[in-house]
Amino acid sequence: MPWFAPSYNVAPQSIQPVVRLNQETGEPEFALMRWGLIPYWAKDPKIGFTTINARAEEVTEKPLYREAMKRRRCLIPSDAFYEWQRLSGETKQPFAFGLQSGELYAFAGLWERWKSKEGEALETFSILTTDPNKLAERVHDRMPVILERCDYRRWMEPGDPTRLPIDLLRPFPAEKMRSWPVSQRVGNVRNDDADLLKAVEPEAASQGSLF
């Protein structure tokens with residue numbers, strides 16, 4: 001199992017822990033991958049800057065994600081995610097979203113292995129998004145696909161590529177989640193500490209700048 005430290009403000013292109021099935025044993029394993037999927041056929045790795053998220057309704061057809069959806073599905077462990085709510089003009093308020101239970105959960109993800117011209121391998125991932133539930137729609141028009149624990153194995157199993165588990169790509173039940181306003185410090189990826197997840201009064205959160 002690779003070593004990794006807690007992260008409270010995960011940024012695109014950073015290296016993060018992902019859970020997938022070992023290709024030889026079929027058992028779950030951790031792997032460290034870069035956030036921003038690069039298809040195996042890509043000529044330029046810069047495509048990974050635009051593929052941190054994949055829309056659930058496009059993954060079976062869009063060439064960027066089609067093959068990974070068939071054979072390389074994974075879990076991205078998390079206990080919270082951030083979204084920004086536009087209040088007025090340029091004013092925005094960040095919110096954190098987690099489970100009512102406070103437990104760890106997993107996003108539905110896709111992963112790929114890409115090789116450079118020099119033959120160096122790079123493994124990358126993308127997080128799937130779907131329509132928001134009643135809680136998330138107050139802040140944003142999309143939300144990450146959060147999987148029920150009982151569906152983890154089914155999501156990762158390659159199975160029959162003609163019968164993909166697309167039924168799992170749905171909004172997570174709003175009644176199982178909670179959200180709370182957090183500090184605008186999350187707008188700067190250099191800030192990466194546990195205080196970022198603390199609830200604040202919206203008036204306090206709006207003080208200061210993003211950078």
# chains A, B, ... in the order shown; residues from 1 in each chain; ligands from 1
>>> residues_around(residues="stretch 75-82 of chain A", least_positions_apart="2", cutoff="8 Å", atoms="only C-alpha atoms", output="list of chain:residue names")
A:Pro17, A:Val18, A:Val19, A:Arg20, A:Arg73, A:Trp84, A:Pro94, A:Phe95, A:Ala96, A:Phe97, A:Gly98, A:Leu99, A:Gly102, A:Glu103, A:Leu104, A:Tyr105, A:Ala106, A:Phe107, A:Ala108, A:Gly109, A:Leu110, A:Ile127, A:Tyr152, A:Met156
>>> residues_around(residues="stretch 35-46 of chain A", least_positions_apart="2", cutoff="7 Å", atoms="only C-alpha atoms", output="ChimeraX atom specification")
/A:12-16,33,48-52,64,111-114,124-126
>>> select_by_dssp(residues="stretch 6-211 of chain A", states="alpha helix (DSSP H)", output="number ranges by chain")
A: 66-71, 152-156, 202-205
>>> write_last_selection(atoms="C-alpha atoms", output="mmCIF file, in the first residue's frame")
data_model
loop_
_atom_site.group_PDB
_atom_site.id
_atom_site.type_symbol
_atom_site.label_atom_id
_atom_site.label_comp_id
_atom_site.auth_asym_id
_atom_site.auth_seq_id
_atom_site.Cartn_x
_atom_site.Cartn_y
_atom_site.Cartn_z
ATOM 1 C CA ARG A 66 -15.313 5.343 -23.500
ATOM 2 C CA GLU A 67 -12.596 2.716 -23.107
ATOM 3 C CA ALA A 68 -11.907 3.564 -19.468
ATOM 4 C CA MET A 69 -15.625 3.256 -18.729
ATOM 5 C CA LYS A 70 -15.587 -0.265 -20.147
ATOM 6 C CA ARG A 71 -12.476 -1.569 -18.408
ATOM 7 C CA TYR A 152 -18.220 -0.438 -4.791
ATOM 8 C CA ARG A 153 -17.314 -3.884 -6.092
ATOM 9 C CA ARG A 154 -19.848 -3.814 -8.897
ATOM 10 C CA TRP A 155 -18.542 -0.463 -10.079
ATOM 11 C CA MET A 156 -14.939 -1.687 -10.258
ATOM 12 C CA PRO A 202 -21.055 33.111 5.954
ATOM 13 C CA GLU A 203 -20.259 36.704 6.948
ATOM 14 C CA ALA A 204 -16.900 35.565 8.330
ATOM 15 C CA ALA A 205 -16.229 33.391 5.324
#
>>> closest_residue(among="A:Thr130, A:Gly26, A:Trp3, A:Val10", to="A:Gly159", atoms="only C-alpha atoms")
A:Gly26
>>> atom_distance(atom1="atom CA of A:Glu157", atom2="atom CA of A:Leu21")
7.4 Å
>>> atom_distance(atom1="atom CA of A:Lys176", atom2="atom CA of A:Gln100")
5.5 Å
>>> select_by_dssp(residues="stretch 2-45 of chain A", states="strand (DSSP E or B)", output="NGL selection string")
:A and (15-21 or 28-35)
>>> decode(residues="stretch 2-34 of chain A", atoms="N, CA and C atoms", output="mmCIF file, in the first residue's frame")
data_model
loop_
_atom_site.group_PDB
_atom_site.id
_atom_site.type_symbol
_atom_site.label_atom_id
_atom_site.label_comp_id
_atom_site.auth_asym_id
_atom_site.auth_seq_id
_atom_site.Cartn_x
_atom_site.Cartn_y
_atom_site.Cartn_z
ATOM 1 N N PRO A 2 0.687 2.141 -0.978
ATOM 2 C CA PRO A 2 1.538 3.330 -1.038
ATOM 3 C C PRO A 2 1.249 4.271 0.118
ATOM 4 N N TRP A 3 2.245 5.056 0.484
ATOM 5 C CA TRP A 3 2.070 6.028 1.550
ATOM 6 C C TRP A 3 1.479 7.303 0.970
ATOM 7 N N PHE A 4 0.515 7.886 1.680
ATOM 8 C CA PHE A 4 -0.002 9.187 1.284
ATOM 9 C C PHE A 4 -0.510 9.905 2.524
ATOM 10 N N ALA A 5 -0.379 11.222 2.507
ATOM 11 C CA ALA A 5 -0.777 12.047 3.645
ATOM 12 C C ALA A 5 -2.188 12.585 3.429
ATOM 13 N N PRO A 6 -2.854 13.022 4.490
ATOM 14 C CA PRO A 6 -4.169 13.649 4.318
ATOM 15 C C PRO A 6 -4.055 14.908 3.462
ATOM 16 N N SER A 7 -5.098 15.202 2.715
ATOM 17 C CA SER A 7 -5.150 16.428 1.926
ATOM 18 C C SER A 7 -6.518 17.063 2.130
ATOM 19 N N TYR A 8 -6.528 18.350 2.428
ATOM 20 C CA TYR A 8 -7.776 19.055 2.720
ATOM 21 C C TYR A 8 -8.176 20.030 1.625
ATOM 22 N N ASN A 9 -7.365 20.085 0.562
ATOM 23 C CA ASN A 9 -7.641 21.024 -0.527
ATOM 24 C C ASN A 9 -7.008 20.476 -1.805
ATOM 25 N N VAL A 10 -7.590 19.404 -2.281
ATOM 26 C CA VAL A 10 -7.017 18.674 -3.412
ATOM 27 C C VAL A 10 -7.125 19.504 -4.694
ATOM 28 N N ALA A 11 -6.027 19.634 -5.403
ATOM 29 C CA ALA A 11 -5.988 20.439 -6.624
ATOM 30 C C ALA A 11 -5.840 19.549 -7.851
ATOM 31 N N PRO A 12 -6.420 19.955 -8.987
ATOM 32 C CA PRO A 12 -6.185 19.232 -10.236
ATOM 33 C C PRO A 12 -4.692 19.091 -10.505
ATOM 34 N N GLN A 13 -4.319 17.992 -11.103
ATOM 35 C CA GLN A 13 -2.937 17.640 -11.436
ATOM 36 C C GLN A 13 -2.129 17.169 -10.226
ATOM 37 N N SER A 14 -2.736 17.115 -9.062
ATOM 38 C CA SER A 14 -2.024 16.580 -7.902
ATOM 39 C C SER A 14 -2.140 15.055 -7.876
ATOM 40 N N ILE A 15 -1.240 14.418 -7.148
ATOM 41 C CA ILE A 15 -1.230 12.958 -7.033
ATOM 42 C C ILE A 15 -2.102 12.556 -5.848
ATOM 43 N N GLN A 16 -3.061 11.660 -6.099
ATOM 44 C CA GLN A 16 -4.021 11.282 -5.073
ATOM 45 C C GLN A 16 -4.223 9.766 -5.038
ATOM 46 N N PRO A 17 -4.679 9.224 -3.885
ATOM 47 C CA PRO A 17 -4.931 7.787 -3.782
ATOM 48 C C PRO A 17 -6.237 7.395 -4.470
ATOM 49 N N VAL A 18 -6.166 6.318 -5.206
ATOM 50 C CA VAL A 18 -7.312 5.778 -5.941
ATOM 51 C C VAL A 18 -7.399 4.278 -5.630
ATOM 52 N N VAL A 19 -8.610 3.755 -5.556
ATOM 53 C CA VAL A 19 -8.809 2.325 -5.335
ATOM 54 C C VAL A 19 -9.274 1.684 -6.642
ATOM 55 N N ARG A 20 -8.592 0.625 -7.039
ATOM 56 C CA ARG A 20 -8.971 -0.126 -8.237
ATOM 57 C C ARG A 20 -8.786 -1.609 -7.959
ATOM 58 N N LEU A 21 -9.187 -2.451 -8.899
ATOM 59 C CA LEU A 21 -8.964 -3.884 -8.743
ATOM 60 C C LEU A 21 -7.630 -4.250 -9.373
ATOM 61 N N ASN A 22 -6.831 -5.019 -8.630
ATOM 62 C CA ASN A 22 -5.563 -5.509 -9.152
ATOM 63 C C ASN A 22 -5.823 -6.387 -10.370
ATOM 64 N N GLN A 23 -5.119 -6.136 -11.467
ATOM 65 C CA GLN A 23 -5.380 -6.855 -12.708
ATOM 66 C C GLN A 23 -5.023 -8.329 -12.632
ATOM 67 N N GLU A 24 -4.155 -8.704 -11.702
ATOM 68 C CA GLU A 24 -3.772 -10.109 -11.577
ATOM 69 C C GLU A 24 -4.606 -10.854 -10.549
ATOM 70 N N THR A 25 -4.847 -10.245 -9.390
ATOM 71 C CA THR A 25 -5.555 -10.940 -8.313
ATOM 72 C C THR A 25 -7.052 -10.618 -8.276
ATOM 73 N N GLY A 26 -7.449 -9.506 -8.880
ATOM 74 C CA GLY A 26 -8.847 -9.098 -8.827
ATOM 75 C C GLY A 26 -9.260 -8.502 -7.503
ATOM 76 N N GLU A 27 -8.290 -8.287 -6.611
ATOM 77 C CA GLU A 27 -8.579 -7.717 -5.295
ATOM 78 C C GLU A 27 -8.350 -6.207 -5.297
ATOM 79 N N PRO A 28 -9.077 -5.468 -4.431
ATOM 80 C CA PRO A 28 -8.888 -4.007 -4.384
ATOM 81 C C PRO A 28 -7.478 -3.636 -3.956
ATOM 82 N N GLU A 29 -6.965 -2.577 -4.545
ATOM 83 C CA GLU A 29 -5.641 -2.073 -4.184
ATOM 84 C C GLU A 29 -5.634 -0.551 -4.293
ATOM 85 N N PHE A 30 -4.753 0.076 -3.523
ATOM 86 C CA PHE A 30 -4.533 1.511 -3.648
ATOM 87 C C PHE A 30 -3.480 1.759 -4.720
ATOM 88 N N ALA A 31 -3.673 2.830 -5.482
ATOM 89 C CA ALA A 31 -2.665 3.286 -6.432
ATOM 90 C C ALA A 31 -2.652 4.810 -6.374
ATOM 91 N N LEU A 32 -1.481 5.391 -6.528
ATOM 92 C CA LEU A 32 -1.358 6.849 -6.552
ATOM 93 C C LEU A 32 -1.400 7.320 -8.005
ATOM 94 N N MET A 33 -2.349 8.192 -8.318
ATOM 95 C CA MET A 33 -2.536 8.654 -9.687
ATOM 96 C C MET A 33 -2.673 10.168 -9.715
ATOM 97 N N ARG A 34 -2.452 10.736 -10.893
ATOM 98 C CA ARG A 34 -2.589 12.180 -11.070
ATOM 99 C C ARG A 34 -4.011 12.519 -11.498
#
